[in-house]
file input-v1.cif (mmCIF, C-alpha atoms)
data_start
#
loop_
_atom_site.group_PDB
_atom_site.id
_atom_site.type_symbol
_atom_site.label_atom_id
_atom_site.label_comp_id
_atom_site.auth_asym_id
_atom_site.auth_seq_id
_atom_site.Cartn_x
_atom_site.Cartn_y
_atom_site.Cartn_z
ATOM 1 C CA MET F 1 -40.162 118.888 -4.452
ATOM 2 C CA LYS F 2 -36.461 118.975 -3.812
ATOM 3 C CA PRO F 3 -35.699 119.914 -0.178
ATOM 4 C CA GLU F 4 -33.659 123.046 0.388
ATOM 5 C CA PRO F 5 -30.093 122.525 1.630
ATOM 6 C CA GLN F 6 -29.607 122.856 5.368
ATOM 7 C CA MET F 7 -28.027 126.112 6.527
ATOM 8 C CA THR F 8 -25.369 126.254 9.192
ATOM 9 C CA PHE F 9 -25.712 128.451 12.262
ATOM 10 C CA THR F 10 -23.278 130.965 10.769
ATOM 11 C CA GLU F 11 -25.274 131.073 7.543
ATOM 12 C CA HIS F 12 -28.454 131.695 9.538
ATOM 13 C CA LEU F 13 -26.803 134.632 11.301
ATOM 14 C CA GLU F 14 -25.572 136.013 7.996
ATOM 15 C CA ASP F 15 -29.042 135.681 6.504
ATOM 16 C CA LEU F 16 -30.550 137.444 9.536
ATOM 17 C CA ARG F 17 -28.006 140.260 9.319
ATOM 18 C CA ARG F 18 -28.693 140.722 5.609
ATOM 19 C CA ARG F 19 -32.446 140.925 6.092
ATOM 20 C CA ILE F 20 -32.089 143.394 8.973
ATOM 21 C CA LEU F 21 -29.914 145.575 6.742
ATOM 22 C CA TYR F 22 -32.494 145.377 3.939
ATOM 23 C CA THR F 23 -35.231 146.447 6.352
ATOM 24 C CA LEU F 24 -33.144 149.302 7.745
ATOM 25 C CA ALA F 25 -32.354 150.501 4.225
ATOM 26 C CA VAL F 26 -36.049 150.585 3.320
ATOM 27 C CA PHE F 27 -36.823 152.395 6.586
ATOM 28 C CA VAL F 28 -34.173 155.053 5.921
ATOM 29 C CA VAL F 29 -35.508 155.695 2.422
ATOM 30 C CA LEU F 30 -39.108 155.929 3.631
ATOM 31 C CA PHE F 31 -38.027 158.094 6.557
ATOM 32 C CA GLY F 32 -36.538 160.582 4.092
ATOM 33 C CA VAL F 33 -39.735 160.539 2.030
ATOM 34 C CA CYS F 34 -41.874 161.090 5.133
ATOM 35 C CA LEU F 35 -39.688 164.010 6.172
ATOM 36 C CA GLY F 36 -40.521 165.635 2.845
ATOM 37 C CA PHE F 37 -44.239 165.345 3.615
ATOM 38 C CA VAL F 38 -44.037 165.863 7.377
ATOM 39 C CA SER F 39 -45.959 169.148 7.271
ATOM 40 C CA ARG F 40 -48.919 167.476 5.568
ATOM 41 C CA ILE F 41 -48.787 164.518 7.939
ATOM 42 C CA TYR F 42 -48.670 166.909 10.881
ATOM 43 C CA GLY F 43 -51.691 168.820 9.610
ATOM 44 C CA TYR F 44 -53.680 165.614 9.221
ATOM 45 C CA LEU F 45 -52.800 164.334 12.698
ATOM 46 C CA VAL F 46 -53.735 167.576 14.455
ATOM 47 C CA ALA F 47 -57.045 167.907 12.573
ATOM 48 C CA PRO F 48 -59.100 166.454 15.487
ATOM 49 C CA LEU F 49 -57.529 168.999 17.813
ATOM 50 C CA ALA F 50 -58.133 171.858 15.383
ATOM 51 C CA ARG F 51 -61.812 170.934 15.185
ATOM 52 C CA GLU F 52 -61.965 171.411 18.955
ATOM 53 C CA GLY F 53 -60.480 174.896 18.574
ATOM 54 C CA TYR F 54 -57.076 174.167 20.127
ATOM 55 C CA HIS F 55 -53.497 174.514 18.907
ATOM 56 C CA LEU F 56 -50.307 172.807 20.001
ATOM 57 C CA MET F 57 -47.430 174.566 21.681
ATOM 58 C CA VAL F 58 -43.705 173.915 22.105
ATOM 59 C CA VAL F 59 -41.505 175.126 24.943
ATOM 60 C CA SER F 60 -38.195 175.195 23.072
ATOM 61 C CA PRO F 61 -37.060 175.674 19.448
ATOM 62 C CA GLY F 62 -35.498 172.206 19.400
ATOM 63 C CA GLU F 63 -38.797 170.566 20.290
ATOM 64 C CA VAL F 64 -40.103 171.351 16.807
ATOM 65 C CA ILE F 65 -37.360 169.207 15.262
ATOM 66 C CA THR F 66 -38.037 166.417 17.765
ATOM 67 C CA VAL F 67 -41.743 166.407 16.957
ATOM 68 C CA TYR F 68 -41.162 166.383 13.193
ATOM 69 C CA LEU F 69 -38.613 163.584 13.439
ATOM 70 C CA SER F 70 -40.968 161.555 15.627
ATOM 71 C CA ILE F 71 -43.849 161.972 13.180
ATOM 72 C CA ALA F 72 -41.685 161.001 10.211
ATOM 73 C CA GLY F 73 -40.242 158.062 12.139
ATOM 74 C CA ILE F 74 -43.629 156.647 13.131
ATOM 75 C CA ALA F 75 -44.947 157.054 9.580
ATOM 76 C CA ALA F 76 -41.836 155.374 8.155
ATOM 77 C CA ILE F 77 -42.182 152.456 10.591
ATOM 78 C CA GLY F 78 -45.781 151.947 9.501
ATOM 79 C CA LEU F 79 -44.815 151.976 5.821
ATOM 80 C CA THR F 80 -41.862 149.639 6.439
ATOM 81 C CA LEU F 81 -43.980 147.100 8.319
ATOM 82 C CA PRO F 82 -45.127 145.092 5.246
ATOM 83 C CA PHE F 83 -41.554 144.716 4.012
ATOM 84 C CA ALA F 84 -40.338 143.789 7.507
ATOM 85 C CA LEU F 85 -43.027 141.103 7.858
ATOM 86 C CA TYR F 86 -42.048 139.660 4.498
ATOM 87 C CA GLN F 87 -38.380 139.549 5.520
ATOM 88 C CA ILE F 88 -39.320 137.772 8.751
ATOM 89 C CA TRP F 89 -41.240 135.210 6.733
ATOM 90 C CA ARG F 90 -38.313 134.704 4.347
ATOM 91 C CA PHE F 91 -36.017 134.136 7.337
ATOM 92 C CA VAL F 92 -38.203 131.486 9.011
ATOM 93 C CA ALA F 93 -39.460 129.888 5.769
ATOM 94 C CA PRO F 94 -36.543 127.389 5.421
ATOM 95 C CA GLY F 95 -37.563 125.812 8.739
ATOM 96 C CA LEU F 96 -41.194 125.315 7.679
ATOM 97 C CA THR F 97 -42.866 122.618 5.647
ATOM 98 C CA PRO F 98 -44.309 123.580 2.224
ATOM 99 C CA VAL F 99 -47.835 123.591 3.694
ATOM 100 C CA GLU F 100 -46.740 125.792 6.606
ATOM 101 C CA ARG F 101 -45.025 128.178 4.193
ATOM 102 C CA ARG F 102 -48.174 128.632 2.139
ATOM 103 C CA TYR F 103 -50.266 129.062 5.274
ATOM 104 C CA THR F 104 -48.022 131.680 6.875
ATOM 105 C CA LEU F 105 -47.664 133.527 3.567
ATOM 106 C CA ARG F 106 -51.451 133.790 3.376
ATOM 107 C CA LEU F 107 -51.615 135.100 6.925
ATOM 108 C CA LEU F 108 -49.126 137.932 6.358
ATOM 109 C CA PRO F 109 -51.406 140.251 4.331
ATOM 110 C CA VAL F 110 -54.366 139.458 6.627
ATOM 111 C CA THR F 111 -52.237 140.317 9.658
ATOM 112 C CA LEU F 112 -51.289 143.641 8.105
ATOM 113 C CA VAL F 113 -54.877 144.444 7.110
ATOM 114 C CA MET F 114 -56.206 143.720 10.614
ATOM 115 C CA PHE F 115 -53.497 145.881 12.176
ATOM 116 C CA VAL F 116 -54.405 148.782 9.876
ATOM 117 C CA LEU F 117 -58.121 148.303 10.609
ATOM 118 C CA GLY F 118 -57.402 148.525 14.328
ATOM 119 C CA ILE F 119 -55.459 151.757 13.861
ATOM 120 C CA LEU F 120 -58.222 153.229 11.683
ATOM 121 C CA PHE F 121 -60.920 152.287 14.189
ATOM 122 C CA ALA F 122 -59.015 153.994 17.002
ATOM 123 C CA TRP F 123 -58.267 157.062 14.861
ATOM 124 C CA PHE F 124 -61.751 157.662 13.445
ATOM 125 C CA VAL F 125 -63.922 156.434 16.330
ATOM 126 C CA LEU F 126 -62.127 156.146 19.645
ATOM 127 C CA PHE F 127 -59.532 158.921 19.627
ATOM 128 C CA PRO F 128 -61.882 161.824 18.677
ATOM 129 C CA THR F 129 -64.360 160.706 21.352
ATOM 130 C CA ILE F 130 -61.760 160.519 24.101
ATOM 131 C CA LEU F 131 -60.097 163.766 23.014
ATOM 132 C CA HIS F 132 -63.395 165.678 22.965
ATOM 133 C CA PHE F 133 -64.366 164.375 26.403
ATOM 134 C CA LEU F 134 -61.020 165.166 28.036
ATOM 135 C CA LEU F 135 -60.796 168.638 26.532
ATOM 136 C CA ARG F 136 -64.332 169.438 27.637
ATOM 137 C CA ILE F 137 -63.599 168.341 31.205
ATOM 138 C CA ALA F 138 -60.257 170.174 31.277
ATOM 139 C CA ALA F 139 -61.738 173.437 29.956
ATOM 140 C CA GLU F 140 -64.186 173.583 32.855
ATOM 141 C CA HIS F 141 -61.457 174.042 35.460
ATOM 142 C CA PHE F 142 -58.172 174.785 33.668
ATOM 143 C CA SER F 143 -56.604 176.912 30.997
ATOM 144 C CA VAL F 144 -55.768 174.233 28.424
ATOM 145 C CA MET F 145 -52.402 174.438 26.669
ATOM 146 C CA LEU F 146 -51.230 171.301 24.910
ATOM 147 C CA ARG F 147 -47.601 170.467 24.211
ATOM 148 C CA ALA F 148 -46.929 168.902 20.838
ATOM 149 C CA GLY F 149 -44.910 166.014 22.252
ATOM 150 C CA SER F 150 -47.577 165.150 24.820
ATOM 151 C CA TYR F 151 -50.346 165.247 22.209
ATOM 152 C CA PHE F 152 -48.595 162.868 19.817
ATOM 153 C CA GLY F 153 -47.626 160.584 22.683
ATOM 154 C CA PHE F 154 -51.273 160.459 23.746
ATOM 155 C CA LEU F 155 -52.328 159.784 20.149
ATOM 156 C CA THR F 156 -49.881 156.892 19.839
ATOM 157 C CA ASN F 157 -50.923 155.367 23.176
ATOM 158 C CA ILE F 158 -54.580 155.341 22.083
ATOM 159 C CA CYS F 159 -54.261 154.147 18.482
ATOM 160 C CA LEU F 160 -51.354 151.703 18.545
ATOM 161 C CA PRO F 161 -52.806 149.200 21.078
ATOM 162 C CA PHE F 162 -55.919 148.768 18.958
ATOM 163 C CA GLY F 163 -53.758 147.708 16.046
ATOM 164 C CA PHE F 164 -52.636 144.749 18.172
ATOM 165 C CA ILE F 165 -56.123 144.120 19.618
ATOM 166 C CA PHE F 166 -57.445 143.619 16.082
ATOM 167 C CA GLU F 167 -54.864 140.856 15.616
ATOM 168 C CA LEU F 168 -56.880 138.633 17.984
ATOM 169 C CA PRO F 169 -58.646 136.645 15.207
ATOM 170 C CA ILE F 170 -55.320 135.975 13.463
ATOM 171 C CA VAL F 171 -53.703 134.775 16.680
ATOM 172 C CA VAL F 172 -56.685 132.540 17.459
ATOM 173 C CA VAL F 173 -56.625 130.982 13.987
ATOM 174 C CA PHE F 174 -52.896 130.329 14.226
ATOM 175 C CA LEU F 175 -53.155 128.764 17.693
ATOM 176 C CA THR F 176 -56.060 126.628 16.509
ATOM 177 C CA ARG F 177 -54.117 125.394 13.487
ATOM 178 C CA ILE F 178 -51.260 124.225 15.700
ATOM 179 C CA GLY F 179 -53.648 122.627 18.207
ATOM 180 C CA VAL F 180 -53.118 124.906 21.215
ATOM 181 C CA ILE F 181 -56.712 126.127 21.541
ATOM 182 C CA GLY F 182 -60.068 125.417 19.931
ATOM 183 C CA PRO F 183 -63.567 126.870 19.597
ATOM 184 C CA ARG F 184 -64.874 124.803 22.530
ATOM 185 C CA LEU F 185 -62.359 126.415 24.865
ATOM 186 C CA LEU F 186 -63.207 129.892 23.570
ATOM 187 C CA ARG F 187 -66.915 129.278 24.100
ATOM 188 C CA ARG F 188 -66.302 127.907 27.594
ATOM 189 C CA ILE F 189 -64.407 131.015 28.696
ATOM 190 C CA ARG F 190 -66.710 133.422 26.838
ATOM 191 C CA ARG F 191 -68.262 134.902 29.996
ATOM 192 C CA TYR F 192 -64.833 135.604 31.486
ATOM 193 C CA ALA F 193 -63.602 137.062 28.220
ATOM 194 C CA TYR F 194 -66.632 139.359 28.097
ATOM 195 C CA LEU F 195 -65.919 140.503 31.642
ATOM 196 C CA VAL F 196 -62.321 141.344 30.746
ATOM 197 C CA ILE F 197 -63.456 143.157 27.590
ATOM 198 C CA VAL F 198 -66.016 145.245 29.474
ATOM 199 C CA VAL F 199 -63.549 146.177 32.213
ATOM 200 C CA LEU F 200 -60.881 147.065 29.645
ATOM 201 C CA GLY F 201 -63.336 149.052 27.525
ATOM 202 C CA VAL F 202 -64.595 151.031 30.525
ATOM 203 C CA MET F 203 -61.033 151.796 31.624
ATOM 204 C CA ILE F 204 -59.829 153.160 28.273
ATOM 205 C CA SER F 205 -62.958 155.079 27.238
ATOM 206 C CA PRO F 206 -64.647 158.187 28.680
ATOM 207 C CA PRO F 207 -67.384 157.593 31.302
ATOM 208 C CA GLU F 208 -70.261 157.805 28.825
ATOM 209 C CA LEU F 209 -72.495 154.995 27.607
ATOM 210 C CA ILE F 210 -71.920 155.723 23.913
ATOM 211 C CA SER F 211 -68.158 155.830 24.424
ATOM 212 C CA HIS F 212 -68.220 152.544 26.339
ATOM 213 C CA LEU F 213 -70.293 150.865 23.633
ATOM 214 C CA SER F 214 -68.062 152.170 20.843
ATOM 215 C CA VAL F 215 -65.137 150.332 22.441
ATOM 216 C CA VAL F 216 -66.745 147.264 24.019
ATOM 217 C CA VAL F 217 -69.026 146.216 21.134
ATOM 218 C CA PRO F 218 -66.254 145.988 18.487
ATOM 219 C CA MET F 219 -64.073 144.010 20.898
ATOM 220 C CA ILE F 220 -66.920 141.564 21.624
ATOM 221 C CA LEU F 221 -67.541 141.203 17.892
ATOM 222 C CA LEU F 222 -63.851 140.458 17.409
ATOM 223 C CA TYR F 223 -64.067 137.723 20.015
ATOM 224 C CA GLU F 224 -67.109 136.162 18.344
ATOM 225 C CA VAL F 225 -65.416 136.352 14.949
ATOM 226 C CA SER F 226 -62.402 134.651 16.519
ATOM 227 C CA ILE F 227 -64.619 131.779 17.723
ATOM 228 C CA ALA F 228 -66.118 131.325 14.252
ATOM 229 C CA LEU F 229 -62.700 131.405 12.586
ATOM 230 C CA SER F 230 -61.350 128.974 15.172
ATOM 231 C CA ALA F 231 -64.141 126.510 14.321
ATOM 232 C CA ILE F 232 -63.335 126.792 10.618
ATOM 233 C CA ALA F 233 -59.614 126.345 11.266
ATOM 234 C CA GLU F 234 -60.277 123.301 13.466
ATOM 235 C CA ARG F 235 -62.395 121.642 10.771
ATOM 236 C CA ARG F 236 -59.721 122.246 8.164
ATOM 237 C CA ARG F 237 -57.049 120.947 10.504
ATOM 238 C CA ALA F 238 -59.052 117.783 11.168
ATOM 239 C CA LYS F 239 -59.685 117.316 7.446
ATOM 240 C CA ALA F 240 -56.004 117.719 6.637
ATOM 241 C CA ALA F 241 -55.089 115.166 9.321
ATOM 242 C CA SER F 242 -57.626 112.557 8.175
ATOM 243 C CA PRO F 243 -56.303 109.425 6.396
ATOM 244 C CA ALA F 244 -58.342 110.240 3.277
ATOM 245 C CA ALA F 245 -56.688 113.639 3.020
#
call {"tool": "encode", "arguments": {"input": "input-v1.cif", "output": "structure tokens"}}
result
Amino acid sequence: MKPEPQMTFTEHLEDLRRRILYTLAVFVVLFGVCLGFVSRIYGYLVAPLAREGYHLMVVSPGEVITVYLSIAGIAAIGLTLPFALYQIWRFVAPGLTPVERRYTLRLLPVTLVMFVLGILFAWFVLFPTILHFLLRIAAEHFSVMLRAGSYFGFLTNICLPFGFIFELPIVVVFLTRIGVIGPRLLRRIRRYAYLVIVVLGVMISPPELISHLSVVVPMILLYEVSIALSAIAERRRAKAASPAA
């Protein structure tokens, strides 16, 4: 395979600028599309609140525009993410070996799928549980009126972190492939990892056993899956480094 010509620093900057512009152009187009469907997106996102019998409120006419723009912006960012990841890969690909290029290209769709799975888990399992618990506690002592901006901020703070938490297996596989960590290390620190997971799960979930389990158990399963994937990645790495290979 003929090696690609080396790029100068100026050419790298030009390539980076071009790919940023491509990504921004896609974001702007998708942002306009999301604005056209913002009412439907809004209705879907407030469905858990409507099931509890509550409605959102705004304190100024301009807040409606802010909320709609925020919803369309977040939706457009999510839809732009696959294209942005591909542009990042195209930018760093010239500095990788052919094997590394194939490996990272395979990881991109898996990374996106795991991020989406984390968001979906938080949306369908965690967020309704936390919302129901907090509203029930608040209704016992207060007259509950929810601002639209605060609700969507709360929704983002619950769902978005789980998108990154579900990236743990991908990160572990990558670090194993480059020799930073291995399954033996992950098994050795398992008890400490479990302690961190339990503490984190208890902190972010309502004080109920079912709520705790709905957060802690998936995170523990992710850690165990990460150990298994790390073992597979280590075996493949050793096989690729063997003289016969």
call {"tool": "residues_around", "arguments": {"input": "input-v1.cif", "residues": "stretch 35-40 of chain F", "least_positions_apart": "2", "cutoff": "12 Å", "atoms": "all atoms listed in the file", "output": "mmCIF file with C-alpha atoms, keeping the file's coordinate frame"}}
result
data_model
loop_
_atom_site.group_PDB
_atom_site.id
_atom_site.type_symbol
_atom_site.label_atom_id
_atom_site.label_comp_id
_atom_site.auth_asym_id
_atom_site.auth_seq_id
_atom_site.Cartn_x
_atom_site.Cartn_y
_atom_site.Cartn_z
ATOM 1 C CA PHE F 27 -36.823 152.395 6.586
ATOM 2 C CA VAL F 28 -34.173 155.053 5.921
ATOM 3 C CA VAL F 29 -35.508 155.695 2.422
ATOM 4 C CA LEU F 30 -39.108 155.929 3.631
ATOM 5 C CA PHE F 31 -38.027 158.094 6.557
ATOM 6 C CA GLY F 32 -36.538 160.582 4.092
ATOM 7 C CA VAL F 33 -39.735 160.539 2.030
ATOM 8 C CA TYR F 42 -48.670 166.909 10.881
ATOM 9 C CA GLY F 43 -51.691 168.820 9.610
ATOM 10 C CA TYR F 44 -53.680 165.614 9.221
ATOM 11 C CA LEU F 45 -52.800 164.334 12.698
ATOM 12 C CA VAL F 46 -53.735 167.576 14.455
ATOM 13 C CA ALA F 47 -57.045 167.907 12.573
ATOM 14 C CA VAL F 64 -40.103 171.351 16.807
ATOM 15 C CA ILE F 65 -37.360 169.207 15.262
ATOM 16 C CA THR F 66 -38.037 166.417 17.765
ATOM 17 C CA VAL F 67 -41.743 166.407 16.957
ATOM 18 C CA TYR F 68 -41.162 166.383 13.193
ATOM 19 C CA LEU F 69 -38.613 163.584 13.439
ATOM 20 C CA SER F 70 -40.968 161.555 15.627
ATOM 21 C CA ILE F 71 -43.849 161.972 13.180
ATOM 22 C CA ALA F 72 -41.685 161.001 10.211
ATOM 23 C CA GLY F 73 -40.242 158.062 12.139
ATOM 24 C CA ILE F 74 -43.629 156.647 13.131
ATOM 25 C CA ALA F 75 -44.947 157.054 9.580
ATOM 26 C CA ALA F 76 -41.836 155.374 8.155
#
call {"tool": "residues_near_point", "arguments": {"input": "input-v1.cif", "point": "(-40.2, 136.0, 0.6)", "cutoff": "12 Å", "atoms": "all atoms listed in the file", "output": "compact mmCIF listing (two decimals) with C-alpha atoms, in the frame of the given file"}}
result
# COMPACT_ATOMS: atom_id res chain seq x y z
CA ARG F 19 -32.45 140.93 6.09
CA PRO F 82 -45.13 145.09 5.25
CA PHE F 83 -41.55 144.72 4.01
CA ALA F 84 -40.34 143.79 7.51
CA LEU F 85 -43.03 141.10 7.86
CA TYR F 86 -42.05 139.66 4.50
CA GLN F 87 -38.38 139.55 5.52
CA ILE F 88 -39.32 137.77 8.75
CA TRP F 89 -41.24 135.21 6.73
CA ARG F 90 -38.31 134.70 4.35
CA PHE F 91 -36.02 134.14 7.34
CA VAL F 92 -38.20 131.49 9.01
CA ALA F 93 -39.46 129.89 5.77
CA PRO F 94 -36.54 127.39 5.42
CA ARG F 101 -45.02 128.18 4.19
CA ARG F 102 -48.17 128.63 2.14
CA THR F 104 -48.02 131.68 6.88
CA LEU F 105 -47.66 133.53 3.57
CA ARG F 106 -51.45 133.79 3.38
CA LEU F 108 -49.13 137.93 6.36
call {"tool": "residues_around", "arguments": {"input": "input-v1.cif", "residues": "F:Leu186", "least_positions_apart": "2", "cutoff": "12 Å", "atoms": "only C-alpha atoms", "output": "list in words"}}
result
Pro169, Val172, Val173, Leu175, Thr176, Val180, Ile181, Gly182, Pro183, Arg184, Arg188, Ile189, Arg190, Arg191, Tyr192, Ala193, Tyr194, Tyr223, Glu224, Val225, Ser226, Ile227, Ala228, Leu229, Ser230 and Ala231 of chain F
call {"tool": "resolve_selection", "arguments": {"input": "input-v1.cif", "expression": "the PyMOL selection byres ((chain F and resi 155) around 12)", "output": "MDAnalysis selection string"}}
result
chainID F and resid 45:46 48:49 71 74 119 122:124 126:128 130:131 148:154 156:162
call {"tool": "closest_residue", "arguments": {"input": "input-v1.cif", "among": "F:Val99, F:Ala238, F:Leu146, F:Ile77", "to": "F:Ala50", "atoms": "only C-alpha atoms"}}
result
F:Leu146
call {"tool": "closest_residue", "arguments": {"input": "input-v1.cif", "among": "F:Val199, F:Leu135, F:Leu112, F:Ile178", "to": "F:Phe164", "atoms": "all atoms listed in the file"}}
result
F:Leu112
call {"tool": "axis_aligned_box", "arguments": {"input": "input-v1.cif", "around": "stretch 9-23 of chain F", "padding_each_side": "3 Å", "output": "AutoDock Vina command-line options"}}
result
--center_x -29.3 --center_y 137.4 --center_z 8.1 --size_x 18.0 --size_y 24.0 --size_z 14.3
call {"tool": "closest_residue", "arguments": {"input": "input-v1.cif", "among": "F:Ile137, F:Val59, F:Met145, F:Val171", "to": "F:Phe115", "atoms": "only C-alpha atoms"}}
result
F:Val171
call {"tool": "atom_distance", "arguments": {"input": "input-v1.cif", "atom1": "atom CA of F:Pro109", "atom2": "atom CA of F:Val196"}}
result
28.6 Å
call {"tool": "atom_distance", "arguments": {"input": "input-v1.cif", "atom1": "atom CA of F:Gly53", "atom2": "atom CA of F:Ile204"}}
result
23.8 Å
call {"tool": "atom_distance", "arguments": {"input": "input-v1.cif", "atom1": "atom CA of F:Leu213", "atom2": "atom CA of F:Val198"}}
result
9.2 Å
call {"tool": "closest_residue", "arguments": {"input": "input-v1.cif", "among": "F:Cys34, F:Val125, F:Val110, F:Val26", "to": "F:Ser211", "atoms": "only C-alpha atoms"}}
result
F:Val125
call {"tool": "build_atoms", "arguments": {"input": "input-v1.cif", "residues": "stretch 39-55 of chain F", "atoms": "N, CA and C atoms", "output": "CSV table (one decimal), keeping the file's coordinate frame"}}
result
chain,number,residue,atom,x,y,z
F,39,SER,N,-45.0,168.1,7.0
F,39,SER,CA,-46.0,169.1,7.3
F,39,SER,C,-47.4,168.7,7.0
F,40,ARG,N,-47.6,168.0,5.9
F,40,ARG,CA,-48.9,167.5,5.6
F,40,ARG,C,-49.4,166.4,6.6
F,41,ILE,N,-48.4,165.5,6.9
F,41,ILE,CA,-48.8,164.5,7.9
F,41,ILE,C,-49.2,165.2,9.3
F,42,TYR,N,-48.4,166.2,9.6
F,42,TYR,CA,-48.7,166.9,10.9
F,42,TYR,C,-50.1,167.5,10.8
F,43,GLY,N,-50.4,168.2,9.7
F,43,GLY,CA,-51.7,168.8,9.6
F,43,GLY,C,-52.8,167.8,9.7
F,44,TYR,N,-52.6,166.6,9.2
F,44,TYR,CA,-53.7,165.6,9.2
F,44,TYR,C,-53.8,165.1,10.6
F,45,LEU,N,-52.7,164.9,11.4
F,45,LEU,CA,-52.8,164.3,12.7
F,45,LEU,C,-53.4,165.3,13.7
F,46,VAL,N,-53.2,166.6,13.5
F,46,VAL,CA,-53.7,167.6,14.5
F,46,VAL,C,-55.1,168.0,14.1
F,47,ALA,N,-55.7,167.5,13.0
F,47,ALA,CA,-57.0,167.9,12.6
F,47,ALA,C,-58.1,167.7,13.7
F,48,PRO,N,-58.1,166.6,14.4
F,48,PRO,CA,-59.1,166.5,15.5
F,48,PRO,C,-59.0,167.5,16.5
F,49,LEU,N,-57.7,168.0,16.8
F,49,LEU,CA,-57.5,169.0,17.8
F,49,LEU,C,-58.0,170.4,17.3
F,50,ALA,N,-57.7,170.6,16.0
F,50,ALA,CA,-58.1,171.9,15.4
F,50,ALA,C,-59.6,172.0,15.4
F,51,ARG,N,-60.3,170.9,15.2
F,51,ARG,CA,-61.8,170.9,15.2
F,51,ARG,C,-62.3,171.3,16.6
F,52,GLU,N,-61.6,171.0,17.6
F,52,GLU,CA,-62.0,171.4,19.0
F,52,GLU,C,-61.6,172.9,19.3
F,53,GLY,N,-60.9,173.5,18.4
F,53,GLY,CA,-60.5,174.9,18.6
F,53,GLY,C,-59.2,175.1,19.4
F,54,TYR,N,-58.3,174.1,19.4
F,54,TYR,CA,-57.1,174.2,20.1
F,54,TYR,C,-55.9,174.1,19.2
F,55,HIS,N,-54.8,174.6,19.7
F,55,HIS,CA,-53.5,174.5,18.9
F,55,HIS,C,-52.4,174.0,19.8
